[in-house]
Structures are given as C-alpha cells and as structure tokens.
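**Student:** Structure supplied as model-v9.cif; contents: mmCIF, C-alpha atoms and all ligand atoms.
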```
data_my_file
loop_
_atom_site.label_atom_id
_atom_site.label_comp_id
_atom_site.auth_asym_id
_atom_site.auth_seq_id
_atom_site.Cartn_x
_atom_site.Cartn_y
_atom_site.Cartn_z
CA MET A 178 -78.94 5.16 -16.34
CA LYS A 179 -75.55 6.77 -15.79
CA TYR A 180 -75.86 9.68 -13.36
CA LYS A 181 -73.57 11.90 -15.37
CA TYR A 182 -76.11 11.99 -18.23
CA MET A 183 -78.96 13.12 -15.95
CA SER A 184 -80.09 16.75 -15.86
CA VAL A 185 -79.91 18.79 -12.64
CA GLU A 186 -83.71 18.46 -12.28
CA GLU A 187 -83.57 14.69 -12.60
CA LEU A 188 -80.70 14.50 -10.13
CA LYS A 189 -82.56 16.69 -7.64
CA LYS A 190 -85.65 14.48 -7.81
CA LEU A 191 -83.53 11.43 -7.18
CA GLU A 192 -81.77 13.19 -4.32
CA GLN A 193 -85.13 13.88 -2.65
CA ARG A 194 -86.10 10.19 -2.84
CA LEU A 195 -82.74 9.04 -1.54
CA ASN A 196 -82.87 11.62 1.25
CA ILE A 197 -86.07 10.06 2.56
CA GLU A 198 -84.46 6.61 2.41
CA TYR A 199 -81.37 7.96 4.19
CA GLU A 200 -83.35 9.67 6.96
CA ASN A 201 -85.30 6.43 7.52
CA ILE A 202 -82.05 4.51 7.93
CA LYS A 203 -80.87 7.06 10.47
CA THR A 204 -83.97 6.59 12.62
CA SER A 205 -83.17 2.85 12.91
CA ASN A 206 -80.17 3.68 15.17
CA LEU A 207 -77.98 1.03 13.57
CA SER A 208 -74.47 0.23 14.68
CA LEU A 209 -72.61 -1.58 11.91
CA ASP A 210 -68.90 -1.90 11.25
CA MET A 211 -67.18 -2.67 7.96
CA SER A 212 -63.96 -0.87 8.82
CA ARG A 213 -61.34 -3.49 9.71
CA GLY A 214 -60.32 -6.89 8.40
CA LYS A 215 -61.31 -8.82 11.49
CA PRO A 216 -62.39 -12.45 11.13
CA ALA A 217 -65.96 -13.23 12.20
CA SER A 218 -66.61 -15.47 15.22
CA ALA A 219 -67.60 -18.34 12.90
CA GLN A 220 -64.10 -18.22 11.38
CA LEU A 221 -62.43 -18.09 14.79
CA ASP A 222 -64.52 -21.05 15.99
CA LEU A 223 -62.82 -23.25 13.39
CA SER A 224 -59.57 -22.97 15.36
CA ASN A 225 -60.95 -23.62 18.84
CA ASP A 226 -59.21 -26.99 19.05
CA ILE A 227 -55.91 -25.13 19.41
CA LEU A 228 -57.19 -24.14 22.84
CA ALA A 229 -59.23 -27.22 23.62
CA LYS A 230 -56.56 -29.83 22.87
CA PRO A 231 -54.04 -30.10 25.71
CA ILE A 232 -50.33 -30.33 24.81
CA ASP A 233 -49.51 -33.91 25.81
CA ASN A 234 -45.82 -33.73 24.99
CA TYR A 235 -43.84 -30.58 25.70
CA ILE A 236 -40.59 -31.99 24.33
CA THR A 237 -39.93 -30.98 20.74
CA SER A 238 -38.42 -33.20 18.05
CA GLU A 239 -35.03 -31.76 18.97
CA GLY A 240 -35.47 -32.70 22.63
CA ILE A 241 -36.17 -29.14 23.79
CA ASP A 242 -38.61 -28.60 26.66
CA SER A 243 -40.91 -26.03 25.10
CA ARG A 244 -42.05 -24.86 28.55
CA ASN A 245 -38.62 -23.46 29.29
CA TYR A 246 -36.36 -20.67 27.99
CA GLY A 247 -34.42 -21.10 24.79
CA ILE A 248 -34.64 -21.48 21.01
CA LEU A 249 -34.41 -17.98 19.63
CA ASP A 250 -35.60 -18.72 16.11
CA GLY A 251 -38.55 -21.00 16.89
CA ILE A 252 -39.13 -24.72 17.30
CA THR A 253 -38.22 -26.88 14.32
CA GLU A 254 -41.77 -28.20 13.95
CA ILE A 255 -43.31 -24.80 13.18
CA LYS A 256 -40.31 -23.60 11.15
CA THR A 257 -40.60 -26.69 8.96
CA LEU A 258 -44.33 -26.13 8.57
CA PHE A 259 -43.87 -22.49 7.47
CA SER A 260 -40.92 -23.50 5.30
CA SER A 261 -42.96 -26.00 3.30
CA LEU A 262 -46.09 -23.81 3.25
CA LEU A 263 -44.25 -20.80 1.81
CA ASP A 264 -41.35 -22.54 0.10
CA ILE A 265 -38.66 -20.68 2.03
CA PRO A 266 -35.54 -22.51 3.24
CA ASN A 267 -35.76 -23.39 6.92
CA LYS A 268 -32.47 -21.67 7.72
CA ASN A 269 -33.79 -18.33 6.47
CA ILE A 270 -36.73 -18.26 8.88
CA ILE A 271 -37.10 -16.86 12.40
CA ILE A 272 -40.36 -17.41 14.24
CA GLY A 273 -41.43 -14.31 16.14
CA GLY A 274 -44.23 -13.51 18.51
CA ASN A 275 -47.91 -12.99 17.92
CA SER A 276 -47.87 -10.36 15.19
CA SER A 277 -46.24 -9.78 11.82
CA LEU A 278 -46.97 -6.06 12.09
CA ASN A 279 -44.84 -6.04 15.20
CA LEU A 280 -42.03 -7.73 13.24
CA ILE A 281 -42.41 -5.14 10.47
CA TYR A 282 -42.22 -2.29 12.98
CA ASP A 283 -39.14 -3.84 14.57
CA ALA A 284 -37.54 -4.37 11.15
CA PHE A 285 -37.91 -0.66 10.39
CA ALA A 286 -36.70 0.24 13.90
CA ARG A 287 -33.57 -1.93 13.50
CA LEU A 288 -32.79 -0.29 10.18
CA TYR A 289 -33.46 3.16 11.66
CA ILE A 290 -31.11 2.57 14.57
CA PHE A 291 -28.44 0.24 13.18
CA GLY A 292 -28.76 0.26 9.39
CA ALA A 293 -28.07 -2.99 7.56
CA ASP A 294 -25.15 -4.76 5.94
CA GLY A 295 -22.71 -2.23 7.52
CA SER A 296 -24.35 0.85 5.97
CA GLU A 297 -25.43 4.04 7.71
CA PRO A 298 -28.50 3.83 9.98
CA TRP A 299 -31.62 4.82 8.10
CA GLY A 300 -32.42 7.34 10.83
CA LYS A 301 -29.31 9.31 9.77
CA CYS A 302 -30.27 9.44 6.07
CA LYS A 303 -33.12 11.15 4.26
CA THR A 304 -34.76 7.74 3.95
CA LYS A 305 -37.58 7.35 1.44
CA ILE A 306 -39.86 4.34 1.08
CA LEU A 307 -41.86 3.41 -2.00
CA CYS A 308 -45.49 2.76 -1.14
CA PRO A 309 -47.74 1.05 -3.70
CA VAL A 310 -51.17 2.73 -3.45
CA PRO A 311 -53.82 2.13 -2.36
CA GLY A 312 -52.13 0.20 0.45
CA TYR A 313 -52.28 -0.86 4.07
CA ASP A 314 -52.76 2.06 6.46
CA ARG A 315 -50.68 0.51 9.23
CA HIS A 316 -47.62 0.22 6.96
CA PHE A 317 -47.90 3.91 6.22
CA ALA A 318 -48.33 4.74 9.90
CA ILE A 319 -45.03 2.98 10.67
CA CYS A 320 -43.13 4.84 7.94
CA GLU A 321 -44.66 8.10 9.08
CA GLU A 322 -43.68 7.50 12.69
CA PHE A 323 -40.03 6.99 11.69
CA GLY A 324 -40.14 10.12 9.56
CA PHE A 325 -39.43 8.21 6.33
CA GLU A 326 -40.70 10.05 3.28
CA MET A 327 -43.31 7.97 1.48
CA ILE A 328 -43.55 8.00 -2.30
CA ASN A 329 -46.80 6.82 -3.89
CA ILE A 330 -46.45 4.14 -6.54
CA PRO A 331 -49.64 3.46 -8.52
CA MET A 332 -50.85 -0.12 -8.63
CA THR A 333 -51.47 -1.87 -11.94
CA ASP A 334 -53.20 -5.22 -12.48
CA GLU A 335 -49.78 -6.84 -12.04
CA GLY A 336 -48.69 -5.04 -8.87
CA PRO A 337 -46.80 -1.77 -8.46
CA ASP A 338 -45.91 0.18 -11.60
CA MET A 339 -42.51 -1.40 -12.12
CA ASP A 340 -41.25 1.08 -14.72
CA MET A 341 -41.67 3.82 -12.15
CA VAL A 342 -40.13 1.72 -9.36
CA GLU A 343 -37.07 0.79 -11.43
CA ASN A 344 -36.47 4.38 -12.54
CA LEU A 345 -36.73 5.74 -9.02
CA VAL A 346 -34.54 3.17 -7.25
CA ARG A 347 -31.84 3.38 -9.93
CA GLU A 348 -31.37 7.14 -9.41
CA ASP A 349 -31.90 7.88 -5.72
CA GLU A 350 -29.77 6.34 -2.99
CA ASN A 351 -32.12 7.63 -0.29
CA ILE A 352 -34.83 5.33 -1.58
CA LYS A 353 -34.16 2.47 0.77
CA GLY A 354 -37.15 0.23 0.40
CA ILE A 355 -40.53 -0.71 -0.94
CA ILE A 356 -43.35 -2.18 1.10
CA CYS A 357 -45.42 -4.83 -0.66
CA VAL A 358 -48.45 -7.01 0.03
CA PRO A 359 -47.81 -9.26 -2.96
CA LEU A 360 -50.81 -11.57 -2.93
CA TYR A 361 -54.42 -10.35 -2.66
CA SER A 362 -53.03 -6.94 -1.74
CA ASN A 363 -54.65 -4.90 1.00
CA PRO A 364 -56.96 -3.34 -0.14
CA ASP A 365 -57.11 -4.02 -3.91
CA GLY A 366 -56.75 -7.80 -3.87
CA ILE A 367 -54.15 -7.55 -6.64
CA CYS A 368 -51.72 -10.44 -7.14
CA TYR A 369 -48.21 -9.53 -8.26
CA SER A 370 -47.38 -11.14 -11.60
CA ASP A 371 -44.31 -13.34 -12.11
CA SER A 372 -42.70 -10.55 -14.07
CA THR A 373 -43.25 -8.04 -11.23
CA VAL A 374 -41.67 -10.38 -8.68
CA GLU A 375 -38.72 -11.03 -10.97
CA ARG A 376 -38.20 -7.33 -11.70
CA LEU A 377 -38.24 -6.55 -7.98
CA SER A 378 -35.64 -9.26 -7.42
CA CYS A 379 -33.22 -8.15 -10.09
CA MET A 380 -33.66 -4.35 -10.33
CA GLN A 381 -30.59 -2.14 -9.91
CA THR A 382 -30.84 -0.02 -6.78
CA LYS A 383 -28.59 2.94 -5.98
CA ALA A 384 -29.03 2.22 -2.25
CA LYS A 385 -26.78 -0.73 -1.41
CA ASP A 386 -28.93 -1.52 1.62
CA PHE A 387 -32.24 -1.50 -0.30
CA LYS A 388 -34.93 -3.74 1.28
CA ILE A 389 -38.16 -5.20 0.00
CA PHE A 390 -40.65 -5.52 2.85
CA TRP A 391 -42.57 -8.54 1.59
CA ASP A 392 -45.66 -8.66 3.79
CA ASN A 393 -47.26 -11.84 2.48
CA ALA A 394 -50.15 -11.60 4.95
CA TYR A 395 -52.63 -13.23 2.52
CA ALA A 396 -50.31 -15.90 1.10
CA ILE A 397 -52.89 -18.68 1.34
CA HIS A 398 -56.12 -16.71 1.67
CA HIS A 399 -57.83 -17.83 -1.53
CA VAL A 400 -61.56 -17.18 -1.86
CA TYR A 401 -62.71 -17.58 -5.48
CA LYS A 402 -59.53 -18.78 -7.15
CA GLU A 403 -56.08 -19.87 -6.07
CA HIS A 404 -53.26 -17.65 -7.33
CA LYS A 405 -49.68 -18.80 -7.12
CA LEU A 406 -47.13 -16.14 -6.35
CA ALA A 407 -43.65 -16.40 -7.88
CA ASN A 408 -41.09 -17.31 -5.24
CA ILE A 409 -39.18 -14.14 -4.44
CA PHE A 410 -36.68 -16.13 -2.43
CA SER A 411 -35.53 -18.39 -5.23
CA LEU A 412 -35.57 -15.52 -7.74
CA SER A 413 -33.53 -13.20 -5.56
CA LYS A 414 -31.12 -16.04 -4.80
CA LYS A 415 -30.61 -16.40 -8.55
CA TYR A 416 -29.76 -12.68 -8.82
CA GLY A 417 -27.70 -12.57 -5.61
CA THR A 418 -30.16 -10.15 -3.98
CA ASP A 419 -31.69 -12.40 -1.32
CA ASP A 420 -30.53 -10.12 1.52
CA ARG A 421 -32.78 -7.50 -0.03
CA ILE A 422 -35.86 -9.48 0.96
CA ILE A 423 -37.48 -9.21 4.39
CA TYR A 424 -40.43 -11.56 4.29
CA PHE A 425 -43.30 -11.45 6.82
CA PHE A 426 -46.15 -13.85 7.45
CA SER A 427 -48.41 -14.80 10.35
CA THR A 428 -51.29 -17.06 11.29
CA SER A 429 -53.36 -14.06 12.39
CA LYS A 430 -56.00 -14.55 9.69
CA ILE A 431 -55.63 -18.32 9.85
CA THR A 432 -56.19 -19.00 13.55
CA PHE A 433 -56.57 -16.17 16.07
CA PRO A 434 -55.54 -12.58 15.23
CA GLY A 435 -53.32 -11.29 17.99
CA SER A 436 -52.77 -14.79 19.35
CA GLY A 437 -51.20 -16.53 16.39
CA VAL A 438 -47.61 -17.12 15.32
CA ALA A 439 -45.65 -14.67 13.16
CA MET A 440 -42.58 -15.18 11.02
CA ILE A 441 -39.76 -13.15 9.49
CA ALA A 442 -37.37 -14.46 6.83
CA SER A 443 -34.46 -13.00 4.92
CA GLY A 444 -31.38 -13.86 2.89
CA ASP A 445 -28.48 -15.92 4.25
CA ASN A 446 -26.50 -12.94 5.58
CA TYR A 447 -29.21 -10.56 6.64
CA ILE A 448 -31.13 -13.20 8.62
CA GLU A 449 -27.98 -13.73 10.71
CA GLU A 450 -27.78 -9.97 11.32
CA ILE A 451 -31.42 -9.96 12.42
CA LYS A 452 -30.78 -12.95 14.69
CA LYS A 453 -28.01 -11.07 16.52
CA HIS A 454 -30.42 -8.25 17.33
CA PHE A 455 -33.16 -10.72 18.27
CA GLY A 456 -30.74 -12.34 20.70
CA ILE A 457 -30.39 -9.06 22.57
CA GLN A 458 -34.10 -8.31 22.43
CA THR A 459 -35.48 -11.62 23.74
CA ILE A 460 -34.52 -15.05 25.07
CA GLY A 461 -37.13 -16.58 22.82
CA HIS A 462 -40.76 -16.26 21.80
CA ASN A 463 -43.81 -18.21 22.92
CA LYS A 464 -42.87 -21.80 22.06
CA LEU A 465 -46.00 -23.23 23.65
CA ASN A 466 -48.11 -21.31 21.17
CA GLN A 467 -45.85 -22.52 18.37
CA LEU A 468 -46.30 -26.12 19.53
CA ARG A 469 -50.06 -25.78 19.94
CA THR A 470 -50.32 -24.32 16.44
CA PHE A 471 -48.20 -27.13 15.00
CA ASN A 472 -50.23 -29.80 16.83
CA PHE A 473 -53.41 -28.34 15.35
CA PHE A 474 -52.20 -28.36 11.72
CA HIS A 475 -49.45 -31.04 11.63
CA ASN A 476 -48.23 -29.90 8.23
CA ALA A 477 -48.75 -27.48 5.33
CA GLU A 478 -51.58 -29.61 3.93
CA GLY A 479 -53.42 -29.25 7.23
CA VAL A 480 -53.19 -25.47 6.97
CA LYS A 481 -54.42 -25.50 3.37
CA GLU A 482 -57.44 -27.67 4.28
CA HIS A 483 -58.29 -25.26 7.09
CA MET A 484 -58.00 -22.29 4.70
CA LYS A 485 -60.59 -23.85 2.38
CA LYS A 486 -63.15 -23.75 5.20
CA LEU A 487 -62.25 -20.13 6.02
CA GLY A 488 -62.41 -19.26 2.31
CA ASP A 489 -65.96 -20.68 2.05
CA LEU A 490 -67.10 -18.49 4.94
CA LEU A 491 -65.51 -15.42 3.40
CA LYS A 492 -66.94 -16.21 -0.02
CA GLU A 493 -70.48 -15.84 1.36
CA LYS A 494 -69.56 -12.35 2.54
CA PHE A 495 -67.76 -11.32 -0.63
CA ASP A 496 -70.77 -12.54 -2.65
CA ILE A 497 -73.12 -10.30 -0.66
CA VAL A 498 -71.01 -7.21 -1.28
CA LEU A 499 -70.22 -7.91 -4.93
CA ASN A 500 -73.79 -8.91 -5.86
CA THR A 501 -75.24 -5.85 -4.15
CA LEU A 502 -72.79 -3.50 -5.87
CA ASP A 503 -73.67 -5.14 -9.19
CA LYS A 504 -77.38 -4.72 -8.57
CA GLU A 505 -77.36 -1.25 -7.04
CA VAL A 506 -74.65 0.73 -8.78
CA ALA A 507 -73.15 -1.10 -11.77
CA ASP A 508 -75.29 0.74 -14.33
CA LYS A 509 -74.91 4.19 -12.75
CA GLY A 510 -71.29 4.89 -13.61
CA ILE A 511 -70.52 6.06 -10.08
CA LEU A 512 -68.26 3.33 -8.74
CA LYS A 513 -65.48 1.05 -9.92
CA TRP A 514 -64.41 -1.91 -7.86
CA ASN A 515 -62.09 -4.86 -7.86
CA LYS A 516 -63.38 -8.40 -7.75
CA PRO A 517 -60.60 -9.98 -5.71
CA ASP A 518 -59.93 -13.71 -5.88
CA GLY A 519 -58.85 -13.78 -2.25
CA GLY A 520 -57.62 -11.74 0.70
CA TYR A 521 -59.88 -9.80 3.00
CA PHE A 522 -61.04 -6.66 1.25
CA ILE A 523 -63.02 -5.17 -1.58
CA SER A 524 -61.56 -1.90 -2.73
CA VAL A 525 -63.93 0.57 -4.38
CA PHE A 526 -63.29 3.81 -6.26
CA THR A 527 -65.96 6.53 -6.25
CA LEU A 528 -66.00 9.44 -8.70
CA PRO A 529 -63.29 11.93 -7.69
CA GLY A 530 -64.20 13.90 -4.58
CA CYS A 531 -66.95 11.56 -3.31
CA ALA A 532 -65.17 9.13 -0.95
CA SER A 533 -64.96 11.22 2.22
CA GLU A 534 -68.56 12.42 1.90
CA THR A 535 -69.76 8.81 1.42
CA VAL A 536 -67.86 7.68 4.53
CA LYS A 537 -69.21 10.65 6.52
CA LEU A 538 -72.82 9.99 5.49
CA ALA A 539 -72.40 6.32 6.37
CA ARG A 540 -71.00 7.12 9.80
CA GLU A 541 -73.90 9.44 10.54
CA ALA A 542 -76.27 6.64 9.55
CA GLY A 543 -74.61 4.14 11.92
CA LEU A 544 -72.18 2.39 9.58
CA VAL A 545 -68.44 2.68 10.26
CA LEU A 546 -66.23 2.33 7.18
CA THR A 547 -62.44 2.56 6.92
CA GLY A 548 -61.69 6.29 6.84
CA ALA A 549 -61.42 7.82 3.37
CA GLY A 550 -57.76 8.49 2.62
CA ALA A 551 -56.58 5.76 5.02
CA THR A 552 -55.31 3.67 2.12
CA TYR A 553 -52.79 6.38 1.12
CA PRO A 554 -49.68 7.74 2.84
CA TYR A 555 -50.40 10.74 5.06
CA HIS A 556 -54.13 9.96 4.68
CA ASN A 557 -53.97 11.82 1.42
CA ASP A 558 -55.93 10.19 -1.39
CA PRO A 559 -55.27 12.73 -4.15
CA GLU A 560 -58.57 11.87 -5.85
CA ASP A 561 -60.64 11.38 -2.68
CA SER A 562 -61.93 8.23 -4.34
CA ASN A 563 -60.80 5.00 -2.68
CA ILE A 564 -62.76 3.26 0.09
CA ARG A 565 -61.75 -0.09 1.57
CA LEU A 566 -64.68 -2.36 2.38
CA ALA A 567 -63.98 -5.05 4.96
CA PRO A 568 -66.82 -7.59 4.80
CA SER A 569 -65.47 -10.34 7.08
CA TYR A 570 -66.61 -9.30 10.55
CA PRO A 571 -70.37 -8.60 10.40
CA THR A 572 -72.84 -11.49 10.14
CA CYS A 573 -74.35 -12.01 6.67
CA GLY A 574 -77.55 -10.24 7.78
CA GLU A 575 -75.64 -7.25 9.16
CA LEU A 576 -73.41 -7.14 6.11
CA GLN A 577 -76.40 -6.98 3.74
CA LYS A 578 -77.76 -4.02 5.72
CA ALA A 579 -74.32 -2.40 5.77
CA ILE A 580 -73.74 -2.64 2.04
CA ASP A 581 -77.28 -1.42 1.32
CA ILE A 582 -76.58 1.64 3.47
CA PHE A 583 -73.23 2.10 1.74
CA CYS A 584 -74.99 2.21 -1.64
CA VAL A 585 -77.52 4.81 -0.46
CA CYS A 586 -74.73 7.00 0.98
CA LEU A 587 -72.62 6.62 -2.15
CA LYS A 588 -75.53 7.59 -4.39
CA LEU A 589 -76.39 10.63 -2.26
CA ALA A 590 -72.78 11.83 -2.06
CA THR A 591 -72.31 11.42 -5.81
CA ILE A 592 -75.59 13.08 -6.77
CA ARG A 593 -74.80 16.08 -4.57
CA LYS A 594 -71.35 16.37 -6.12
CA LEU A 595 -72.76 16.15 -9.65
CA ILE A 596 -75.45 18.76 -8.94
CA GLU A 597 -72.78 21.10 -7.56
CA GLN A 598 -70.56 20.55 -10.61
CA LYS A 599 -73.38 20.91 -13.12
CA GLU A 600 -74.67 24.11 -11.47
CA GLN A 601 -71.20 25.63 -11.66
CA GLN A 602 -70.88 24.92 -15.38
C1 LIG B 701 -51.22 -6.60 4.92
C2 LIG B 701 -51.30 -6.87 6.38
N1 LIG B 701 -50.18 -7.05 7.08
C3 LIG B 701 -50.21 -7.30 8.41
C4 LIG B 701 -51.41 -7.36 9.08
C5 LIG B 701 -51.39 -7.60 10.55
O1 LIG B 701 -50.92 -8.89 10.79
P1 LIG B 701 -50.58 -9.39 12.25
O2 LIG B 701 -51.85 -9.64 12.95
O3 LIG B 701 -49.78 -10.63 12.02
O4 LIG B 701 -49.77 -8.33 12.93
C6 LIG B 701 -52.60 -7.17 8.39
C7 LIG B 701 -53.89 -7.19 9.10
O5 LIG B 701 -54.90 -6.81 8.60
C8 LIG B 701 -52.55 -6.92 7.01
O6 LIG B 701 -53.65 -6.70 6.29
#
```
Please go through the file and, once you have read it, give me the structure as structure tokens.
**Tutor:**
Amino acid sequence: MKYKYMSVEELKKLEQRLNIEYENIKTSNLSLDMSRGKPASAQLDLSNDILAKPIDNYITSEGIDSRNYGILDGITEIKTLFSSLLDIPNKNIIIGGNSSLNLIYDAFARLYIFGADGSEPWGKCKTKILCPVPGYDRHFAICEEFGFEMINIPMTDEGPDMDMVENLVREDENIKGIICVPLYSNPDGICYSDSTVERLSCMQTKAKDFKIFWDNAYAIHHVYKEHKLANIFSLSKKYGTDDRIIYFFSTSKITFPGSGVAMIASGDNYIEEIKKHFGIQTIGHNKLNQLRTFNFFHNAEGVKEHMKKLGDLLKEKFDIVLNTLDKEVADKGILKWNKPDGGYFISVFTLPGCASETVKLAREAGLVLTGAGATYPYHNDPEDSNIRLAPSYPTCGELQKAIDIFCVCLKLATIRKLIEQKEQQ
C-alpha cells in the first residue's frame, strides 16, 4: 500500500515495527560502504596481468625508448588504441597521467589562468558553468574551488534540458561552459540522445571561448544494454565548433583506478594550445604504464572483451539493488529510481525532504552512503531527494545487507516525515 494513503495511526504502528528492526540492525555493529564508485577486488583481479606480464620490448613502434624522457602526447600505440575505441582522430588526442579528474582540474586551471583562443582568462570574468543535475560531486568541487558560479540544469531522459541550455548560452557571455557525463551519467545513468549531442555541437553561444567538458568516463561501461553515443567530434567538426570540445577519458574503471591511463582530446586548434601548456608542465607522462596497458589489450576489441567481463560482475550487483528496491519499496510510493543500462551508479529519489534523514539513519546503523546533496552544486539538493547508490565495491553478501538496511532507513525516514506532515494538516 502507498504510504501516503495510510492514516497517522497506521503509520505510527508501522514506525514502531520498523524501529525495532532498525535498533536490531544497530546492535550488529555493521560497517558497510556504498558511497563511492570503487571497483571491487574481483574486478581489479581481471587486470592483474598488466602487472604480472613483464615488458619485453621497451622500444615503441616509432623507435622511442619508453624508459626514457620524451613524447609529450603519449606513445602511438596507446593513442591509436584510444582513437579507435572512441572514434577520435589520433592527432586530437593527448595521453595524460593516471587520472582524468586531474586533467579536468588542469583544464579548468588553464582556462582560469590563461583563457583560451586568445580570450580573457576565466579567472578575470564572472565565469559561470552549466551543471546538469544530479551530477558528479567532484566536478562541482572543482568549479567551486575556482569560484565559478554553477547553474543547475535539470536532466531529462535525453540528457540536460537543451531548451534551457540553448537559451542561457545564447544570452550570457559569462556562461563559459557546461560539464557533461554523456553516457551512463553519474549518477543517473542517463545516455545523451543523438539530438542532445547535435544541439550541444551546433548551439549559438555568446561566449566565444565556450567549452564543453565532455567527461566520457563511462564510454564503454555497458551492463544491461549497449548504448551508442553520437560522436561529438564529428558533429562539432561539421559545425566548425570542434575547439569547443574538451574530451576526457581514462582506464580508471577499466583497469586500476588511480593507476590507469587518462586522455584529453580537443579540436585541431585548441589541442595545440593545450599541448603548449603541457610542454611547460611536464616532459612527458608515464610511458611505461601506457605500454603495459597497450600490451594487455592490444587493440580496441581487447578492451571491449575485457569490459564484458567487468559488466557481468557489475550486473550481479545492480541486480541485487534493483530487485531489492522492487521487492521492498516499489508498491509504497516512497522512492523513484533509474534502471541504468550501464555506468556505476543507481540514482534514487526519495519523497521531498527525506534524503538527508535516510542517509543519517543509515550512517548511524553502520552503512555509509554518498552524502545527501552531494550530487548538486554547493551540496544543495533543493528537494532533499536524490541519493546516489554505488553498488560496485561491497561483496554481493555485503551489498544485500546494505540495500536491506537502506530500505529500512528510507521507510523510517519517510514515515516520520509523513506523520509530521499529516499532524500539521
Ligand atoms: C564522471 C567521472 N569522471 C571522472 C572520474 C574519475 O576518473 P579518474 O580516476 O580517471 O580521475 C569518475 C570517478 O568516479 C567519474 O565518475
């Protein structure tokens, strides 16, 4: 039965029962974590050969000794692999270090200090960034640190609300960018439609130095179904806006997070501008890691095969969460959630005003969830409704316990809210 149709007396009875359940959980002294999108050990184990297989030839196809200094934009082998995997021209790619987030931070820092395409540094303007919400907390933390004003853009089933985006960027030259996770978005698992990608490529922007931060972190992270994302590079080339795109990708959720290989790509002119700054910043990134990663996969097909195995492991975890939500709360009208086809997260929406209390109750019962509000700029979820569930890291047994506890906490928080509201009426 839907909770909202229950009387205060019925709700109070239910609250009593759930309270007993909740207090029992607390006495078990559990320590469970569903807060971050970390791969489980079983996923990491699938890449162990990267470490186990020695590099028997350090000389790259271009005759470069990968043990030594040099090659600013990455060895050809790994550039070619990323190029064919993501369908981006080789010449538009620079291979970075171990983290795409680091490349994103540096991209913002470069724009803050130097600007782009000869325009004023972003640090000297009243820079505003469009942020599709809910979104990735670490993107928002970067924008906040640079003092860029963040503007919430609601997500639709096809990606950010493009009518709103187009209207805003057409009118305001201080709106300098939008930050996107276009496939299996973090946290909603939404895939941008072809029309969204095309509209982003061709929209009129008042800011001449407008950038699209295209963080394609989950480009090949299919779980239930494979979605194909329209190619923003070829579309923007068609409209002459390719320097607008700054594309990020890494092998963090493919091999080892924090020890993988990251990539940045941009249009013909802007990539050269980035390269100049890179040349001052470093003599080159870790080519041995690039070579090891290439030797492990050989080509794009090798990466895709590997992703199927990772997808199967994740599917088990997604199934546990989705089946439990179906069983425990689907008929109660207290939670909406997305069934993502890939990515790393399941994003849930409580009734307004119940997310932070649910997260608090869970924490007190030994289950750490991503903080309520974390998926919005300034930690401000206007509805106090969204919670990001990250099922990858716990074992299946732990995850089942965790999601059971989540359901108890959600029910308690919602019942208490409803009682309060009904008593005030
Ligand atoms: C959307 C998104 N971008 C970037 C990252 C971090 O990637 P990296 O490890 O390459 O810095 C994550 C990690 O969860 C992510 O979800």
**Student:** For the point (-69.0, -7.6, -9.6) in file coordinates, what residues are within 6 Å, counting all atoms listed in the file? Give the answer as number ranges by chain?
**Tutor:** A: 499, 503, 516
**Student:** For atom CA of A:Lys305 and atom CA of A:Ile355, determine how far apart the two atoms are, in Å to one decimal place.
**Tutor:**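 Atom-to-atom, atom CA of A:Lys305 and atom CA of A:Ile355 are spaced 8.9 Å apart.
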**Student:** Point out the residue among A:Val536, A:Gly574, A:Asp420, A:His556 with the least atom-to-atom distance to A:Ala590, counting all atoms listed in the file.
**Tutor:** A:Val536
**Student:** Can you tell me how far atom CA of A:Leu223 sits from atom CA of A:Thr237, in Å to one decimal?
**Tutor:**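 Separating atom CA of A:Leu223 from atom CA of A:Thr237 is a distance of 25.3 Å.
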**Student:** Distance atom CA of A:Gly312-atom CA of A:Thr552, one decimal place?
**Tutor:**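 Atom CA of A:Thr552 lies at a distance of 5.0 Å from atom CA of A:Gly312.
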**Student:** Check every protein, DNA and RNA residue against ligand LIG 701 (chain B), keep those with an atom at most 8 Å away (counting only C-alpha atoms and all ligand atoms), and present them as a JSON list (two decimals) with C-alpha atoms, keeping the file's coordinate frame.
**Tutor:**
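Saved result, result19.json, follows:
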```json
[["chain", "number", "residue", "atom", "x", "y", "z"],
["A", 213, "ARG", "CA", -61.34, -3.49, 9.71],
["A", 214, "GLY", "CA", -60.32, -6.89, 8.40],
["A", 215, "LYS", "CA", -61.31, -8.82, 11.49],
["A", 275, "ASN", "CA", -47.91, -12.99, 17.92],
["A", 276, "SER", "CA", -47.87, -10.36, 15.19],
["A", 277, "SER", "CA", -46.24, -9.78, 11.82],
["A", 278, "LEU", "CA", -46.97, -6.06, 12.09],
["A", 279, "ASN", "CA", -44.84, -6.04, 15.20],
["A", 280, "LEU", "CA", -42.03, -7.73, 13.24],
["A", 313, "TYR", "CA", -52.28, -0.86, 4.07],
["A", 315, "ARG", "CA", -50.68, 0.51, 9.23],
["A", 316, "HIS", "CA", -47.62, 0.22, 6.96],
["A", 358, "VAL", "CA", -48.45, -7.01, 0.03],
["A", 362, "SER", "CA", -53.03, -6.94, -1.74],
["A", 363, "ASN", "CA", -54.65, -4.90, 1.00],
["A", 364, "PRO", "CA", -56.96, -3.34, -0.14],
["A", 392, "ASP", "CA", -45.66, -8.66, 3.79],
["A", 393, "ASN", "CA", -47.26, -11.84, 2.48],
["A", 394, "ALA", "CA", -50.15, -11.60, 4.95],
["A", 395, "TYR", "CA", -52.63, -13.23, 2.52],
["A", 426, "PHE", "CA", -46.15, -13.85, 7.45],
["A", 427, "SER", "CA", -48.41, -14.80, 10.35],
["A", 428, "THR", "CA", -51.29, -17.06, 11.29],
["A", 429, "SER", "CA", -53.36, -14.06, 12.39],
["A", 430, "LYS", "CA", -56.00, -14.55, 9.69],
["A", 434, "PRO", "CA", -55.54, -12.58, 15.23],
["A", 435, "GLY", "CA", -53.32, -11.29, 17.99],
["A", 437, "GLY", "CA", -51.20, -16.53, 16.39],
["A", 438, "VAL", "CA", -47.61, -17.12, 15.32],
["A", 439, "ALA", "CA", -45.65, -14.67, 13.16],
["A", 521, "TYR", "CA", -59.88, -9.80, 3.00]]
```
**Student:** Measuring between all atoms listed in the file, which one of A:Asn196, A:Ile319, A:Ile265, A:Gly488 shows the shortest distance to A:Ser413?
**Tutor:**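 Nearest candidate to A:Ser413 out of A:Asn196, A:Ile319, A:Ile265, A:Gly488: A:Ile265.
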**Student:** A:Leu566: which residues within 7 Å, counting only C-alpha atoms, same-chain residues fewer than 5 positions away excluded, as a list in words?
**Tutor:** Met211, Ser212, Phe522, Ile523, Ser524 and Leu546 of chain A
**Student:** Could you pull the residues within 9 Å of A:Asn515, counting only C-alpha atoms, minus those fewer than 3 positions along the same chain, as an NGL selection string?
**Tutor:** :A and (365-367 or 523-526)
**Student:** Neighbouring residues of A:His404 were defined as those with any atom within 10 Å, considering all atoms listed in the file; residues of the same chain fewer than 2 positions away were excluded. Please report them as a PyMOL selection string.
**Tutor:** chain A and resi 360-361+368-370+396-402+406-407+518-519
